[in-house]
$ cat query-v9.pdb   # PDB, C-alpha atoms
ATOM      1  CA  MET A   1       0.000   0.000   0.000
ATOM      2  CA  ALA A   2       1.220   3.498  -0.794
ATOM      3  CA  ILE A   3       0.151   6.988   0.294
ATOM      4  CA  LEU A   4       0.375   9.841  -2.205
ATOM      5  CA  LEU A   5       0.608  13.429  -0.978
ATOM      6  CA  LEU A   6      -1.061  15.699  -3.538
ATOM      7  CA  LEU A   7      -0.180  18.940  -1.785
ATOM      8  CA  PRO A   8       1.733  22.195  -2.275
ATOM      9  CA  ASP A   9       5.460  21.490  -1.927
ATOM     10  CA  THR A  10       6.132  22.824   1.565
ATOM     11  CA  LYS A  11       3.115  21.076   3.074
ATOM     12  CA  ALA A  12       3.968  17.809   1.343
ATOM     13  CA  GLU A  13       7.592  17.715   2.507
ATOM     14  CA  GLN A  14       6.651  18.460   6.097
ATOM     15  CA  LEU A  15       3.878  15.894   6.188
ATOM     16  CA  ALA A  16       6.045  13.257   4.502
ATOM     17  CA  GLY A  17       8.674  13.701   7.206
ATOM     18  CA  LEU A  18       6.113  13.178   9.954
ATOM     19  CA  LEU A  19       4.508  10.179   8.250
ATOM     20  CA  ASN A  20       7.851   8.493   7.665
ATOM     21  CA  LYS A  21       8.341   8.567  11.444
ATOM     22  CA  LYS A  22       4.812   7.513  12.377
ATOM     23  CA  LEU A  23       4.423   4.922   9.617
ATOM     24  CA  ALA A  24       7.946   3.532   9.484
ATOM     25  CA  GLY A  25       8.410   1.270   6.505
ATOM     26  CA  GLU A  26       5.297   2.423   4.655
ATOM     27  CA  ASP A  27       5.514   3.835   1.143
ATOM     28  CA  ILE A  28       5.008   7.640   1.223
ATOM     29  CA  ARG A  29       5.122   9.427  -2.121
ATOM     30  CA  ILE A  30       4.983  13.102  -3.060
ATOM     31  CA  TRP A  31       3.230  14.151  -6.273
ATOM     32  CA  PRO A  32       4.220  14.354  -9.111
ATOM     33  CA  GLU A  33       6.668  11.511  -8.299
ATOM     34  CA  THR A  34       3.885   8.955  -8.108
ATOM     35  CA  GLY A  35       5.835   5.854  -9.105
ATOM     36  CA  ARG A  36       3.548   3.074 -10.267
ATOM     37  CA  PRO A  37       0.085   4.619  -9.910
ATOM     38  CA  GLU A  38      -1.636   1.257  -9.416
ATOM     39  CA  GLU A  39       0.216   0.858  -6.088
ATOM     40  CA  ILE A  40      -1.377   3.960  -4.524
ATOM     41  CA  ASP A  41      -4.245   3.285  -2.130
ATOM     42  CA  VAL A  42      -4.551   6.611  -0.254
ATOM     43  CA  ALA A  43      -4.278  10.213  -1.481
ATOM     44  CA  VAL A  44      -3.956  13.207   0.858
ATOM     45  CA  VAL A  45      -5.034  16.259  -1.107
ATOM     46  CA  TRP A  46      -5.391  20.016  -1.000
ATOM     47  CA  ALA A  47      -6.398  21.935  -4.125
ATOM     48  CA  HIS A  48      -4.997  19.082  -6.194
ATOM     49  CA  PRO A  49      -4.570  19.318  -9.984
ATOM     50  CA  HIS A  50      -7.849  18.302 -11.603
ATOM     51  CA  GLY A  51      -7.679  14.867 -13.150
ATOM     52  CA  ALA A  52      -4.764  13.663 -11.016
ATOM     53  CA  LEU A  53      -6.913  11.274  -8.966
ATOM     54  CA  LYS A  54      -8.551   9.545 -11.903
ATOM     55  CA  ASN A  55      -5.147   8.162 -12.894
ATOM     56  CA  LEU A  56      -4.892   6.112  -9.693
ATOM     57  CA  PRO A  57      -6.780   2.921 -10.621
ATOM     58  CA  ASN A  58      -6.664   1.258  -7.179
ATOM     59  CA  LEU A  59      -7.315   4.356  -5.059
ATOM     60  CA  LYS A  60      -9.343   3.399  -1.970
ATOM     61  CA  LEU A  61      -9.417   6.587   0.128
ATOM     62  CA  ILE A  62      -9.148  10.364  -0.347
ATOM     63  CA  LEU A  63      -8.179  12.440   2.707
ATOM     64  CA  SER A  64      -8.566  16.224   2.806
ATOM     65  CA  TYR A  65      -5.645  18.232   4.213
ATOM     66  CA  GLY A  66      -8.116  20.665   5.788
ATOM     67  CA  ALA A  67     -11.616  20.810   7.230
ATOM     68  CA  GLY A  68     -13.158  21.816   3.896
ATOM     69  CA  VAL A  69     -13.716  19.391   1.027
ATOM     70  CA  ASP A  70     -15.095  21.715  -1.657
ATOM     71  CA  HIS A  71     -11.647  21.748  -3.308
ATOM     72  CA  ILE A  72     -12.045  17.994  -3.858
ATOM     73  CA  PHE A  73     -15.499  18.252  -5.403
ATOM     74  CA  ASN A  74     -14.261  20.983  -7.731
ATOM     75  CA  ASP A  75     -12.434  18.257  -9.668
ATOM     76  CA  PRO A  76     -14.681  17.303 -12.621
ATOM     77  CA  ASP A  77     -12.803  13.985 -12.919
ATOM     78  CA  LEU A  78     -13.152  13.014  -9.271
ATOM     79  CA  PRO A  79     -13.476   9.195  -8.989
ATOM     80  CA  VAL A  80     -17.107   8.455  -8.176
ATOM     81  CA  ASP A  81     -16.703   5.464  -5.880
ATOM     82  CA  VAL A  82     -13.776   6.395  -3.606
ATOM     83  CA  PRO A  83     -14.586   7.357   0.024
ATOM     84  CA  ILE A  84     -13.606  10.882   1.084
ATOM     85  CA  CYS A  85     -12.778  11.877   4.671
ATOM     86  CA  ARG A  86     -12.429  15.403   6.003
ATOM     87  CA  PHE A  87      -9.962  16.508   8.668
ATOM     88  CA  VAL A  88     -11.560  17.134  12.068
ATOM     89  CA  ALA A  89      -9.448  18.180  15.054
ATOM     90  CA  ASP A  90      -9.976  19.990  18.331
ATOM     91  CA  SER A  91      -7.171  22.372  17.377
ATOM     92  CA  LEU A  92      -9.112  23.578  14.320
ATOM     93  CA  SER A  93     -12.249  24.136  16.396
ATOM     94  CA  ARG A  94     -10.381  26.044  19.113
ATOM     95  CA  GLN A  95      -8.649  28.279  16.602
ATOM     96  CA  MET A  96     -11.894  29.116  14.853
ATOM     97  CA  ALA A  97     -13.748  29.838  18.081
ATOM     98  CA  ASP A  98     -10.896  32.093  19.233
ATOM     99  CA  TYR A  99     -10.736  33.910  15.908
ATOM    100  CA  VAL A 100     -14.451  34.671  15.703
ATOM    101  CA  SER A 101     -14.637  35.642  19.384
ATOM    102  CA  GLY A 102     -11.608  37.896  18.950
ATOM    103  CA  VAL A 103     -13.053  39.642  15.897
ATOM    104  CA  ILE A 104     -16.371  40.295  17.631
ATOM    105  CA  LEU A 105     -14.736  41.584  20.822
ATOM    106  CA  ASN A 106     -12.355  43.716  18.783
ATOM    107  CA  HIS A 107     -15.306  45.301  16.988
ATOM    108  CA  ARG A 108     -17.386  45.764  20.143
ATOM    109  CA  LEU A 109     -14.494  47.418  21.993
ATOM    110  CA  ARG A 110     -13.532  49.537  18.933
ATOM    111  CA  LEU A 111      -9.878  48.496  19.134
ATOM    112  CA  ILE A 112      -9.167  49.100  15.431
ATOM    113  CA  ASP A 113     -10.719  52.563  15.749
ATOM    114  CA  TYR A 114      -8.433  53.306  18.698
ATOM    115  CA  ARG A 115      -5.398  52.143  16.705
ATOM    116  CA  GLU A 116      -6.241  54.693  14.024
ATOM    117  CA  HIS A 117      -6.677  57.423  16.643
ATOM    118  CA  GLN A 118      -3.351  56.443  18.197
ATOM    119  CA  ALA A 119      -1.637  57.003  14.855
ATOM    120  CA  ALA A 120      -3.167  60.498  14.756
ATOM    121  CA  GLY A 121      -2.376  61.235  18.419
ATOM    122  CA  ASN A 122      -6.092  61.642  19.098
ATOM    123  CA  TRP A 123      -7.491  60.966  22.609
ATOM    124  CA  HIS A 124     -11.154  60.062  21.998
ATOM    125  CA  PRO A 125     -12.853  57.578  24.358
ATOM    126  CA  TRP A 126     -16.026  55.746  23.289
ATOM    127  CA  MET A 127     -18.481  53.415  24.942
ATOM    128  CA  PRO A 128     -18.310  49.821  23.631
ATOM    129  CA  ARG A 129     -20.813  48.932  20.953
ATOM    130  CA  ARG A 130     -23.959  47.445  22.465
ATOM    131  CA  GLY A 131     -24.797  44.612  20.064
ATOM    132  CA  ASN A 132     -24.928  41.209  21.752
ATOM    133  CA  LYS A 133     -26.743  38.972  19.251
ATOM    134  CA  VAL A 134     -24.694  36.624  17.071
ATOM    135  CA  THR A 135     -26.019  34.357  14.317
ATOM    136  CA  ILE A 136     -23.771  31.563  13.097
ATOM    137  CA  LEU A 137     -24.582  30.141   9.681
ATOM    138  CA  GLY A 138     -23.408  26.535   9.807
ATOM    139  CA  LEU A 139     -23.451  24.258  12.844
ATOM    140  CA  GLY A 140     -20.809  21.701  11.980
ATOM    141  CA  GLN A 141     -17.802  21.025  14.221
ATOM    142  CA  LEU A 142     -16.408  24.545  13.818
ATOM    143  CA  GLY A 143     -19.784  26.265  14.102
ATOM    144  CA  GLN A 144     -20.729  24.398  17.256
ATOM    145  CA  ALA A 145     -17.386  25.104  18.925
ATOM    146  CA  THR A 146     -17.710  28.799  18.066
ATOM    147  CA  ALA A 147     -21.296  28.978  19.337
ATOM    148  CA  ARG A 148     -20.292  27.275  22.581
ATOM    149  CA  GLN A 149     -17.454  29.733  23.225
ATOM    150  CA  LEU A 150     -19.543  32.797  22.403
ATOM    151  CA  ASN A 151     -22.187  31.518  24.803
ATOM    152  CA  THR A 152     -19.607  31.394  27.607
ATOM    153  CA  LEU A 153     -18.755  35.008  26.727
ATOM    154  CA  ARG A 154     -22.432  35.850  27.365
ATOM    155  CA  PHE A 155     -23.426  36.501  23.784
ATOM    156  CA  ASP A 156     -26.948  35.644  22.693
ATOM    157  CA  VAL A 157     -26.215  33.050  19.997
ATOM    158  CA  THR A 158     -28.438  31.659  17.247
ATOM    159  CA  GLY A 159     -27.288  28.907  14.922
ATOM    160  CA  TRP A 160     -28.740  28.200  11.482
ATOM    161  CA  SER A 161     -28.179  24.946   9.620
ATOM    162  CA  ARG A 162     -29.546  23.008   6.668
ATOM    163  CA  THR A 163     -31.128  20.368   8.896
ATOM    164  CA  ALA A 164     -32.508  20.587  12.435
ATOM    165  CA  LYS A 165     -30.124  20.501  15.392
ATOM    166  CA  THR A 166     -30.750  20.856  19.124
ATOM    167  CA  LEU A 167     -27.998  22.478  21.208
ATOM    168  CA  ASP A 168     -28.195  23.643  24.795
ATOM    169  CA  TYR A 169     -25.841  26.624  24.337
ATOM    170  CA  CYS A 170     -27.591  28.430  21.468
ATOM    171  CA  HIS A 171     -30.938  28.900  19.793
ATOM    172  CA  THR A 172     -31.249  26.886  16.594
ATOM    173  CA  CYS A 173     -33.233  27.111  13.390
ATOM    174  CA  HIS A 174     -32.928  25.397  10.047
ATOM    175  CA  GLY A 175     -33.957  25.376   6.425
ATOM    176  CA  GLN A 176     -34.090  28.041   3.740
ATOM    177  CA  ASP A 177     -37.422  29.343   5.016
ATOM    178  CA  MET A 178     -35.844  30.335   8.343
ATOM    179  CA  LEU A 179     -32.680  31.968   7.004
ATOM    180  CA  THR A 180     -34.115  35.495   7.019
ATOM    181  CA  GLU A 181     -35.457  35.002  10.528
ATOM    182  CA  ALA A 182     -32.041  33.792  11.661
ATOM    183  CA  VAL A 183     -30.192  36.940  10.574
ATOM    184  CA  CYS A 184     -32.751  39.734  10.907
ATOM    185  CA  GLU A 185     -31.997  40.604  14.552
ATOM    186  CA  ALA A 186     -28.303  39.718  14.618
ATOM    187  CA  ASP A 187     -25.633  42.270  15.409
ATOM    188  CA  TYR A 188     -23.025  39.857  14.042
ATOM    189  CA  VAL A 189     -23.523  37.251  11.299
ATOM    190  CA  VAL A 190     -20.805  34.611  11.018
ATOM    191  CA  CYS A 191     -20.579  32.327   7.972
ATOM    192  CA  LEU A 192     -19.181  28.888   8.803
ATOM    193  CA  LEU A 193     -21.068  26.935   6.168
ATOM    194  CA  PRO A 194     -19.585  24.259   3.950
ATOM    195  CA  LEU A 195     -19.374  25.341   0.332
ATOM    196  CA  THR A 196     -21.972  23.515  -1.755
ATOM    197  CA  GLU A 197     -24.108  24.469  -4.743
ATOM    198  CA  GLU A 198     -26.847  25.475  -2.275
ATOM    199  CA  THR A 199     -24.571  27.753  -0.226
ATOM    200  CA  ARG A 200     -22.509  29.287  -3.035
ATOM    201  CA  GLY A 201     -23.232  33.036  -3.080
ATOM    202  CA  ILE A 202     -25.442  32.867   0.020
ATOM    203  CA  LEU A 203     -23.887  36.064   1.394
ATOM    204  CA  ASN A 204     -25.565  38.358  -1.104
ATOM    205  CA  GLY A 205     -27.675  41.484  -1.410
ATOM    206  CA  THR A 206     -30.877  39.664  -0.470
ATOM    207  CA  LEU A 207     -29.373  38.399   2.776
ATOM    208  CA  PHE A 208     -27.763  41.752   3.552
ATOM    209  CA  SER A 209     -31.120  43.502   3.088
ATOM    210  CA  ALA A 210     -32.635  41.119   5.629
ATOM    211  CA  MET A 211     -29.944  41.936   8.191
ATOM    212  CA  LYS A 212     -30.479  44.819  10.610
ATOM    213  CA  LYS A 213     -28.902  48.178   9.830
ATOM    214  CA  GLY A 214     -25.380  48.375  11.204
ATOM    215  CA  ALA A 215     -24.857  44.583  11.449
ATOM    216  CA  TYR A 216     -21.336  43.213  11.055
ATOM    217  CA  LEU A 217     -20.452  40.299   8.747
ATOM    218  CA  ILE A 218     -17.703  37.738   9.423
ATOM    219  CA  ASN A 219     -16.916  35.275   6.621
ATOM    220  CA  VAL A 220     -14.696  32.396   7.688
ATOM    221  CA  GLY A 221     -16.393  29.791   5.478
ATOM    222  CA  ARG A 222     -15.269  30.033   1.858
ATOM    223  CA  GLY A 223     -14.722  32.957  -0.470
ATOM    224  CA  ASP A 224     -17.384  31.731  -2.879
ATOM    225  CA  HIS A 225     -20.031  32.127  -0.189
ATOM    226  CA  LEU A 226     -19.724  35.878  -0.670
ATOM    227  CA  ASN A 227     -20.873  38.159  -3.452
ATOM    228  CA  GLU A 228     -18.188  40.806  -3.013
ATOM    229  CA  ASN A 229     -19.946  43.492  -5.060
ATOM    230  CA  ASP A 230     -23.126  43.077  -2.991
ATOM    231  CA  LEU A 231     -21.083  43.468   0.195
ATOM    232  CA  LEU A 232     -19.439  46.646  -1.079
ATOM    233  CA  ASP A 233     -22.852  48.033  -2.050
ATOM    234  CA  ALA A 234     -24.274  47.246   1.406
ATOM    235  CA  LEU A 235     -21.312  48.986   3.045
ATOM    236  CA  TYR A 236     -21.363  52.037   0.783
ATOM    237  CA  GLN A 237     -25.114  52.411   1.342
ATOM    238  CA  GLY A 238     -24.528  52.303   5.087
ATOM    239  CA  HIS A 239     -26.733  49.261   5.652
ATOM    240  CA  LEU A 240     -23.966  47.052   7.028
ATOM    241  CA  GLY A 241     -21.619  48.395   9.664
ATOM    242  CA  GLY A 242     -18.543  46.468   8.572
ATOM    243  CA  ALA A 243     -17.094  43.099   7.693
ATOM    244  CA  CYS A 244     -14.215  40.808   8.527
ATOM    245  CA  LEU A 245     -13.124  38.518   5.682
ATOM    246  CA  ASP A 246     -10.676  35.647   6.069
ATOM    247  CA  VAL A 247     -11.485  33.760   2.850
ATOM    248  CA  PHE A 248     -11.756  34.849  -0.768
ATOM    249  CA  SER A 249     -12.744  33.453  -4.150
ATOM    250  CA  GLU A 250      -9.202  34.116  -5.349
ATOM    251  CA  GLU A 251      -6.361  33.592  -2.901
ATOM    252  CA  PRO A 252      -4.081  35.384  -2.372
ATOM    253  CA  LEU A 253      -6.479  38.290  -2.712
ATOM    254  CA  PRO A 254      -5.295  40.350  -5.736
ATOM    255  CA  SER A 255      -3.721  43.677  -4.837
ATOM    256  CA  VAL A 256      -6.200  45.463  -7.125
ATOM    257  CA  SER A 257      -9.224  44.257  -5.142
ATOM    258  CA  PRO A 258     -11.207  47.157  -3.640
ATOM    259  CA  LEU A 259     -11.707  45.044  -0.519
ATOM    260  CA  TRP A 260      -8.145  45.876   0.562
ATOM    261  CA  ARG A 261      -8.839  49.584   0.724
ATOM    262  CA  HIS A 262     -12.305  49.708   2.230
ATOM    263  CA  PRO A 263     -12.090  51.368   5.688
ATOM    264  CA  ARG A 264     -14.784  49.133   7.203
ATOM    265  CA  ILE A 265     -13.399  45.807   6.016
ATOM    266  CA  LEU A 266     -10.852  43.851   8.043
ATOM    267  CA  ILE A 267      -8.889  41.333   5.967
ATOM    268  CA  THR A 268      -6.877  38.362   7.218
ATOM    269  CA  PRO A 269      -5.061  35.874   4.933
ATOM    270  CA  HIS A 270      -7.061  32.642   5.507
ATOM    271  CA  ILE A 271      -5.657  32.041   8.983
ATOM    272  CA  ALA A 272      -8.793  31.660  11.109
ATOM    273  CA  SER A 273      -8.209  27.921  11.482
ATOM    274  CA  VAL A 274      -4.895  26.503  10.310
ATOM    275  CA  THR A 275      -4.097  22.804   9.981
ATOM    276  CA  ASP A 276      -1.515  21.606  12.503
ATOM    277  CA  PRO A 277       0.839  19.178  10.703
ATOM    278  CA  GLU A 278       1.229  16.889  13.742
ATOM    279  CA  ASN A 279      -2.527  16.543  14.145
ATOM    280  CA  LEU A 280      -2.927  15.972  10.431
ATOM    281  CA  ALA A 281      -0.264  13.264  10.433
ATOM    282  CA  ASP A 282      -2.094  11.469  13.254
ATOM    283  CA  TYR A 283      -5.326  11.676  11.247
ATOM    284  CA  VAL A 284      -3.626  10.194   8.180
ATOM    285  CA  VAL A 285      -2.113   7.389  10.273
ATOM    286  CA  GLN A 286      -5.460   6.552  11.906
ATOM    287  CA  SER A 287      -7.255   6.563   8.552
ATOM    288  CA  PHE A 288      -4.555   4.501   6.843
ATOM    289  CA  ASN A 289      -4.569   1.881   9.610
ATOM    290  CA  ALA A 290      -8.373   1.711   9.581
ATOM    291  CA  LEU A 291      -8.291   1.115   5.830
ATOM    292  CA  LYS A 292      -5.681  -1.655   6.193
ATOM    293  CA  GLN A 293      -7.632  -3.342   8.983
ATOM    294  CA  GLY A 294     -11.020  -2.961   7.354
ATOM    295  CA  SER A 295     -12.277  -0.810  10.240
ATOM    296  CA  SER A 296     -14.784   2.043  10.024
ATOM    297  CA  LEU A 297     -13.440   5.316   8.683
ATOM    298  CA  LYS A 298     -14.049   8.503  10.665
ATOM    299  CA  HIS A 299     -15.494  11.739   9.278
ATOM    300  CA  LEU A 300     -16.700  10.298   6.003
ATOM    301  CA  VAL A 301     -18.117  12.872   3.592
ATOM    302  CA  ASP A 302     -21.638  12.450   2.260
ATOM    303  CA  ARG A 303     -21.214  12.898  -1.472
ATOM    304  CA  GLN A 304     -24.854  13.892  -1.877
ATOM    305  CA  VAL A 305     -24.510  16.998   0.316
ATOM    306  CA  GLN A 306     -20.727  17.363  -0.209
ATOM    307  CA  TYR A 307     -19.688  17.608   3.439
TER     308      TYR A 307
END
$ encode --input "query-v9.pdb" --output "structure tokens"
Amino acid sequence: MAILLLLPDTKAEQLAGLLNKKLAGEDIRIWPETGRPEEIDVAVVWAHPHGALKNLPNLKLILSYGAGVDHIFNDPDLPVDVPICRFVADSLSRQMADYVSGVILNHRLRLIDYREHQAAGNWHPWMPRRGNKVTILGLGQLGQATARQLNTLRFDVTGWSRTAKTLDYCHTCHGQDMLTEAVCEADYVVCLLPLTEETRGILNGTLFSAMKKGAYLINVGRGDHLNENDLLDALYQGHLGGACLDVFSEEPLPSVSPLWRHPRILITPHIASVTDPENLADYVVQSFNALKQGSSLKHLVDRQVQY
């Protein structure tokens, strides 16, 4: 059995080093040096070249390098009968919960505003912003961890998901019919949805119009959730109070993008939840051993809903 790492160079080299220690004697290969493709049973992928997987005739398992799997389904030649597993780790959930909590507290306490006044030597105290209602779109592992942490920080949290969920630390609602209700009273709307055909472009002018005046948007899902022009319109019209964006349709974000220069947009370079190589290596080892032993695989993706 062989494991192929279909990853950007730096990630692949680092992961290969860890796997060679944890899976001593196993065959670890780094694309494009695939060797005999029929010997490869497992592929670890991130934004892999389209068509690369279809050339592995005995592939038995696809593992995502990160929590998202939309990059896998973007491949039009994705093998139809190979199981896909996504990466789930406590470290990812903690990072995301900390990031979203930090952004909201930063906005409430006006810390970025004070940094600008510091640069101008301007002493101008303000009261914190009053908004306390947060709606999280998406109640998967990351969404639930974020809702739980915001609840401990005494925010009034609502979670919206495709299907019904019951959680004791936030209000819940589900289904397209309840989306407007979920966001209409929120001071902060956080997108943590998986990217599917149903959620692509969900952060658009219609949703922004349903949000209360002055609400703040945080997108830590995927760049393709957001219609950037609609966001800029909502900001220029004064309907939304601001936005924090960690993900973009094109990454790195081009220097010519107007998002960089908008005074009410905070941009971070896709760092809200970063894969820890040690945790990822453990996940690959566990999945590889389960495959060898014929055991159940963890965190299998439902191909019908694509997460």
$ residues_around --input "query-v9.pdb" --residues "Pro194 (chain A)" --least-positions-apart "4" --cutoff "12 Å" --atoms "only C-alpha atoms" --output "ChimeraX atom specification"
/A:67-71,73,86,137-143,161-162,198-202,219-225,301,305-307
$ resolve_selection --input "query-v9.pdb" --expression "the PyMOL selection byres ((chain A and resi 47-61) around 10)" --output "ChimeraX atom specification"
/A:1-8,31-32,34,36-46,62-65,69-85,287-288,291,297
$ resolve_selection --input "query-v9.pdb" --expression "the PyMOL selection byres ((chain A and resi 211-216) around 7)" --output "list in words"
Val183, Cys184, Glu185, Ala186, Asp187, Tyr188, Val189, Leu207, Phe208, Ser209, Ala210, Leu217, Ile218, His239, Leu240, Gly241, Gly242 and Ala243 of chain A
$ resolve_selection --input "query-v9.pdb" --expression "the PyMOL selection byres ((chain A and resi 146) around 8)" --output "VMD selection string"
chain A and resid 93 to 94 96 to 98 100 to 101 142 to 145 147 to 150
$ closest_residue --input "query-v9.pdb" --among "A:Cys244, A:Leu179, A:Leu259, A:Val284" --to "Tyr99 (chain A)" --atoms "all atoms listed in the file"
A:Cys244
$ atom_distance --input "query-v9.pdb" --atom1 "CA of Ser91 (chain A)" --atom2 "CA of Ser295 (chain A)"
24.8 Å
$ residues_around --input "query-v9.pdb" --residues "Thr275 (chain A)" --least-positions-apart "4" --cutoff "10 Å" --atoms "only C-alpha atoms" --output "list in words"
Tyr65, Gly66, Ala67, Phe87, Val88, Ala89, Ser91, Leu92, Gln95, Ile271, Asn279 and Leu280 of chain A
$ write_last_selection --input "query-v9.pdb" --atoms "C-alpha atoms" --output "short mmCIF file (atom, residue, chain, number, x, y, z; two decimals), in the frame of the given file"
data_model
loop_
_atom_site.label_atom_id
_atom_site.label_comp_id
_atom_site.auth_asym_id
_atom_site.auth_seq_id
_atom_site.Cartn_x
_atom_site.Cartn_y
_atom_site.Cartn_z
CA TYR A 65 -5.64 18.23 4.21
CA GLY A 66 -8.12 20.66 5.79
CA ALA A 67 -11.62 20.81 7.23
CA PHE A 87 -9.96 16.51 8.67
CA VAL A 88 -11.56 17.13 12.07
CA ALA A 89 -9.45 18.18 15.05
CA SER A 91 -7.17 22.37 17.38
CA LEU A 92 -9.11 23.58 14.32
CA GLN A 95 -8.65 28.28 16.60
CA ILE A 271 -5.66 32.04 8.98
CA ASN A 279 -2.53 16.54 14.14
CA LEU A 280 -2.93 15.97 10.43
#
$ residues_around --input "query-v9.pdb" --residues "Pro258 (chain A)" --least-positions-apart "4" --cutoff "12 Å" --atoms "only C-alpha atoms" --output "ChimeraX atom specification"
/A:228-229,231-233,253-254,262-265,267
$ write_last_selection --input "query-v9.pdb" --atoms "C-alpha atoms" --output "CSV table (one decimal), in the frame of the given file"
chain,number,residue,atom,x,y,z
A,228,GLU,CA,-18.2,40.8,-3.0
A,229,ASN,CA,-19.9,43.5,-5.1
A,231,LEU,CA,-21.1,43.5,0.2
A,232,LEU,CA,-19.4,46.6,-1.1
A,233,ASP,CA,-22.9,48.0,-2.0
A,253,LEU,CA,-6.5,38.3,-2.7
A,254,PRO,CA,-5.3,40.4,-5.7
A,262,HIS,CA,-12.3,49.7,2.2
A,263,PRO,CA,-12.1,51.4,5.7
A,264,ARG,CA,-14.8,49.1,7.2
A,265,ILE,CA,-13.4,45.8,6.0
A,267,ILE,CA,-8.9,41.3,6.0
$ atom_distance --input "query-v9.pdb" --atom1 "CA of Val190 (chain A)" --atom2 "CA of Ile136 (chain A)"
4.7 Å
$ atom_distance --input "query-v9.pdb" --atom1 "CA of Leu15 (chain A)" --atom2 "CA of Glu33 (chain A)"
15.4 Å
$ residues_around --input "query-v9.pdb" --residues "Val285 (chain A)" --least-positions-apart "4" --cutoff "9 Å" --atoms "all atoms listed in the file" --output "PyMOL selection string"
chain A and resi 19+22-23+280-281+289-290
$ closest_residue --input "query-v9.pdb" --among "A:Ala12, A:Val256, A:Cys191, A:Leu245" --to "His270 (chain A)" --atoms "only C-alpha atoms"
A:Leu245
$ build_atoms --input "query-v9.pdb" --residues "region 292-296 of chain A" --atoms "all heavy atoms" --output "mmCIF file, in the frame of the given file"
data_model
loop_
_atom_site.group_PDB
_atom_site.id
_atom_site.type_symbol
_atom_site.label_atom_id
_atom_site.label_comp_id
_atom_site.auth_asym_id
_atom_site.auth_seq_id
_atom_site.Cartn_x
_atom_site.Cartn_y
_atom_site.Cartn_z
ATOM 1 N N LYS A 292 -6.404 -0.380 6.258
ATOM 2 C CA LYS A 292 -5.681 -1.655 6.193
ATOM 3 C C LYS A 292 -6.416 -2.749 6.953
ATOM 4 O O LYS A 292 -6.457 -3.906 6.536
ATOM 5 C CB LYS A 292 -4.270 -1.484 6.769
ATOM 6 C CG LYS A 292 -3.297 -0.765 5.872
ATOM 7 C CD LYS A 292 -1.929 -0.634 6.520
ATOM 8 C CE LYS A 292 -1.265 -1.980 6.692
ATOM 9 N NZ LYS A 292 0.114 -1.845 7.225
ATOM 10 N N GLN A 293 -6.991 -2.357 8.107
ATOM 11 C CA GLN A 293 -7.632 -3.342 8.983
ATOM 12 C C GLN A 293 -9.098 -3.581 8.645
ATOM 13 O O GLN A 293 -9.748 -4.435 9.252
ATOM 14 C CB GLN A 293 -7.501 -2.873 10.433
ATOM 15 C CG GLN A 293 -6.065 -2.776 10.915
ATOM 16 C CD GLN A 293 -5.896 -1.883 12.140
ATOM 17 O OE1 GLN A 293 -6.902 -1.493 12.757
ATOM 18 N NE2 GLN A 293 -4.661 -1.562 12.485
ATOM 19 N N GLY A 294 -9.617 -2.818 7.712
ATOM 20 C CA GLY A 294 -11.020 -2.961 7.354
ATOM 21 C C GLY A 294 -11.960 -2.383 8.392
ATOM 22 O O GLY A 294 -13.137 -2.768 8.448
ATOM 23 N N SER A 295 -11.462 -1.442 9.197
ATOM 24 C CA SER A 295 -12.277 -0.810 10.240
ATOM 25 C C SER A 295 -13.060 0.365 9.659
ATOM 26 O O SER A 295 -12.803 0.808 8.532
ATOM 27 C CB SER A 295 -11.387 -0.321 11.384
ATOM 28 O OG SER A 295 -10.612 -1.370 11.911
ATOM 29 N N SER A 296 -13.987 0.898 10.465
ATOM 30 C CA SER A 296 -14.784 2.043 10.024
ATOM 31 C C SER A 296 -13.914 3.287 9.915
ATOM 32 O O SER A 296 -13.054 3.545 10.774
ATOM 33 C CB SER A 296 -15.929 2.292 11.013
ATOM 34 O OG SER A 296 -16.797 1.184 11.062
#
